[in-house]
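File shown here: work.txt, holding compact mmCIF, C-alpha atoms.
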```
# COMPACT_ATOMS: atom_id res chain seq x y z
CA MET V 1 166.75 97.30 156.92
CA ASP V 2 165.82 100.22 154.67
CA VAL V 3 162.18 101.22 154.33
CA PRO V 4 161.45 102.93 151.00
CA ASP V 5 160.08 106.44 151.16
CA THR V 6 156.66 106.39 149.44
CA GLY V 7 155.88 110.08 150.00
CA ASP V 8 156.62 111.23 146.44
CA ARG V 9 154.99 108.17 144.92
CA GLY V 10 151.86 108.71 147.02
CA ARG V 11 151.57 112.33 145.89
CA SER V 12 152.16 111.30 142.29
CA GLU V 13 149.48 108.62 142.57
CA ARG V 14 147.00 111.15 144.01
CA ARG V 15 147.70 113.57 141.15
CA THR V 16 147.27 110.80 138.61
CA SER V 17 144.00 109.77 140.27
CA ILE V 18 142.75 113.36 140.09
CA VAL V 19 143.56 113.54 136.38
CA GLU V 20 141.88 110.17 135.78
CA CYS V 21 138.78 111.23 137.76
CA THR V 22 138.58 114.49 135.83
CA ALA V 23 138.89 112.73 132.48
CA MET V 24 136.34 110.07 133.39
CA SER V 25 133.94 112.70 134.73
CA ALA V 26 134.23 114.71 131.51
CA SER V 27 133.42 111.60 129.46
CA LEU V 28 130.50 110.80 131.72
CA LEU V 29 129.22 114.36 131.40
CA CYS V 30 129.28 113.98 127.61
CA LEU V 31 127.15 110.88 127.92
CA VAL V 32 124.72 112.51 130.35
CA HIS V 33 124.51 115.60 128.14
CA CYS V 34 123.67 113.54 125.09
CA LEU V 35 121.08 111.38 126.80
CA ALA V 36 119.53 114.08 128.97
CA LEU V 37 119.48 116.92 126.44
CA PRO V 38 115.85 116.40 125.37
CA VAL V 39 114.70 116.54 129.00
CA LEU V 40 116.90 119.56 129.76
CA LEU V 41 115.53 121.44 126.79
CA LEU V 42 112.02 120.95 128.14
CA LEU V 43 112.97 121.96 131.68
CA LEU V 44 115.41 124.78 130.98
CA PRO V 45 114.10 126.87 128.11
CA GLY V 46 115.92 129.94 126.93
CA ALA V 47 119.60 130.68 126.62
CA LEU V 48 120.84 127.69 128.60
CA GLY V 49 118.89 125.31 126.39
CA LEU V 50 120.11 127.03 123.25
CA PHE V 51 123.73 126.88 124.39
CA ALA V 52 123.46 123.20 125.33
CA GLU V 53 122.10 122.44 121.87
CA SER V 54 124.58 124.65 120.01
CA GLU V 55 127.79 123.61 118.33
CA ALA V 56 129.68 125.93 120.68
CA PHE V 57 128.78 123.68 123.61
CA HIS V 58 130.05 120.62 121.79
CA TYR V 59 133.32 122.30 120.88
CA ALA V 60 133.75 123.51 124.47
CA ALA V 61 133.05 120.03 125.82
CA LEU V 62 135.50 118.48 123.37
CA ALA V 63 138.11 121.06 124.36
CA LEU V 64 137.79 119.80 127.95
CA VAL V 65 137.51 116.08 127.21
CA VAL V 66 140.46 115.66 124.83
CA PRO V 67 143.25 117.18 126.98
CA ALA V 68 141.96 115.44 130.11
CA ALA V 69 141.81 112.11 128.30
CA LEU V 70 145.28 112.56 126.80
CA ALA V 71 146.75 113.34 130.20
CA ALA V 72 144.99 110.46 131.95
CA PHE V 73 145.88 107.86 129.33
CA TRP V 74 149.49 109.07 129.10
CA LEU V 75 149.94 108.94 132.87
CA GLY V 76 148.29 105.52 132.99
CA TYR V 77 150.46 104.19 130.17
CA ARG V 78 153.58 105.42 131.93
CA ARG V 79 152.50 103.55 135.06
CA HIS V 80 151.24 100.23 133.63
CA GLY V 81 152.52 100.12 130.02
CA ALA V 82 149.25 98.83 128.49
CA ALA V 83 148.13 100.56 125.31
CA GLY V 84 144.59 99.11 125.32
CA PRO V 85 142.96 101.82 127.44
CA ALA V 86 144.53 104.55 125.29
CA ALA V 87 143.27 102.79 122.16
CA LEU V 88 139.72 102.77 123.57
CA GLY V 89 140.13 106.43 124.45
CA ALA V 90 141.40 107.29 120.98
CA ALA V 91 138.42 105.48 119.43
CA GLY V 92 136.11 107.42 121.76
CA VAL V 93 137.65 110.77 120.88
CA THR V 94 137.43 109.85 117.18
CA CYS V 95 133.71 109.18 117.59
CA LEU V 96 133.20 112.50 119.39
CA VAL V 97 135.08 114.40 116.69
CA GLY V 98 133.09 112.54 114.04
CA ALA V 99 129.87 113.59 115.73
CA LEU V 100 130.96 117.24 115.45
CA LEU V 101 131.48 116.95 111.71
CA HIS V 102 128.32 118.06 110.01
CA SER V 103 126.57 114.77 109.58
CA PRO V 104 123.44 114.94 107.44
CA ILE V 105 121.81 112.43 109.79
CA GLU V 106 121.13 113.82 113.27
CA ASP V 107 120.59 110.36 114.75
CA LEU V 108 124.11 109.41 113.63
CA GLU V 109 125.48 112.34 115.64
CA THR V 110 123.75 111.02 118.76
CA VAL V 111 124.97 107.46 118.16
CA LEU V 112 128.55 108.66 117.65
CA THR V 113 128.45 110.84 120.77
CA VAL V 114 127.05 108.08 122.98
CA THR V 115 129.45 105.51 121.55
CA GLY V 116 132.41 107.86 121.98
CA SER V 117 131.47 108.64 125.57
CA LEU V 118 131.05 104.96 126.43
CA LEU V 119 134.40 104.09 124.83
CA LEU V 120 136.11 106.85 126.80
CA ILE V 121 134.49 105.76 130.06
CA ALA V 122 135.50 102.13 129.44
CA GLY V 123 139.05 103.19 128.59
CA HIS V 124 139.30 105.28 131.75
CA ALA V 125 137.89 102.49 133.92
CA ILE V 126 140.38 99.96 132.52
CA ASN V 127 143.20 102.50 132.76
CA TRP V 128 142.35 103.15 136.39
CA ARG V 129 142.21 99.43 137.24
CA LEU V 130 145.56 98.73 135.56
CA ARG V 131 147.15 101.74 137.20
CA ILE V 132 146.00 100.63 140.66
CA ARG V 133 147.32 97.10 140.03
CA ALA V 134 150.68 98.50 138.91
CA CYS V 135 151.14 100.24 142.26
```
Translate this structure into structure tokens?
Amino acid sequence: MDVPDTGDRGRSERRTSIVECTAMSASLLCLVHCLALPVLLLLLPGALGLFAESEAFHYAALALVVPAALAAFWLGYRRHGAAGPAALGAAGVTCLVGALLHSPIEDLETVLTVTGSLLLIAGHAINWRLRIRAC
């Protein structure tokens, strides 16, 4: 009786889990940044506070979030074939990009950032669950 070799699949699953964790962590950091920024600005005055409030920070964060999300959702889709998590992720990224566009209403920027982060986190959580079930 042949026993299948799961060595390559186990390594592949670990790599996929690392990508998924990285992507989910980046989305969670966006949410924490948005919600904790007022407190951080009070506690960490100076250059760090200015960078965290600047557009450069938001572009840098987006540059980390988007590739990680794309990789995680692509790997998840390849494993489980469900497009729902990727759709949530795409909606989340769209919200984050929309928040970077110069909105005349600052509160709208915050709402879009929080909504985008929550959509990404939900997409990653569902993606993870479906990927684990597919194994």
Mind giving me the straight-line distance from CA of Ala69 (chain V) to CA of Ala23 (chain V) in Å, one decimal?
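For CA of Ala69 (chain V) relative to CA of Ala23 (chain V), the distance reads 5.1 Å.
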Sorted per-residue table, region 49-82 of chain V near region 96-100 of chain V, closest atoms and distance, 8 Å, only C-alpha atoms, as a Markdown table:
```
| residue | atom | partner | partner_atom | distance |
| --- | --- | --- | --- | --- |
| V:Glu55 | CA | V:Leu100 | CA | 7.7 |
| V:His58 | CA | V:Leu100 | CA | 7.2 |
| V:Tyr59 | CA | V:Leu100 | CA | 7.8 |
| V:Leu62 | CA | V:Leu96 | CA | 7.5 |
```
Skip Leu28 (chain V) itself and residues of its chain fewer than 6 positions away, then list as a VMD selection string all residues within 10 Å of it, counting all atoms listed in the file.
chain V and resid 22 34 65 114 117 to 118 120 to 121
Shell of 9 Å around region 70-87 of chain V, only C-alpha atoms, local chain residues under 5 positions omitted, as a PyMOL selection string
chain V and resi 16-24+65+92+120+122-128+130-135
Would you compute the distance between CA of Ala61 (chain V) and CA of Ile105 (chain V)? Give it in Å to one decimal.
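Taking CA of Ala61 (chain V) and CA of Ile105 (chain V), their separation equals 21.0 Å.
If you look at CA of Gly89 (chain V) and CA of Arg129 (chain V), they are 14.7 Å away from each other.
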Box along x, y and z, 3 Å on every side, all listed atoms of region 72-78 of chain V inside: centre and edge lengths in Å to one decimal, as lines of an AutoDock Vina configuration file.
```
center_x = 149.3
center_y = 107.3
center_z = 131.0
size_x = 14.6
size_y = 12.3
size_z = 9.9
```
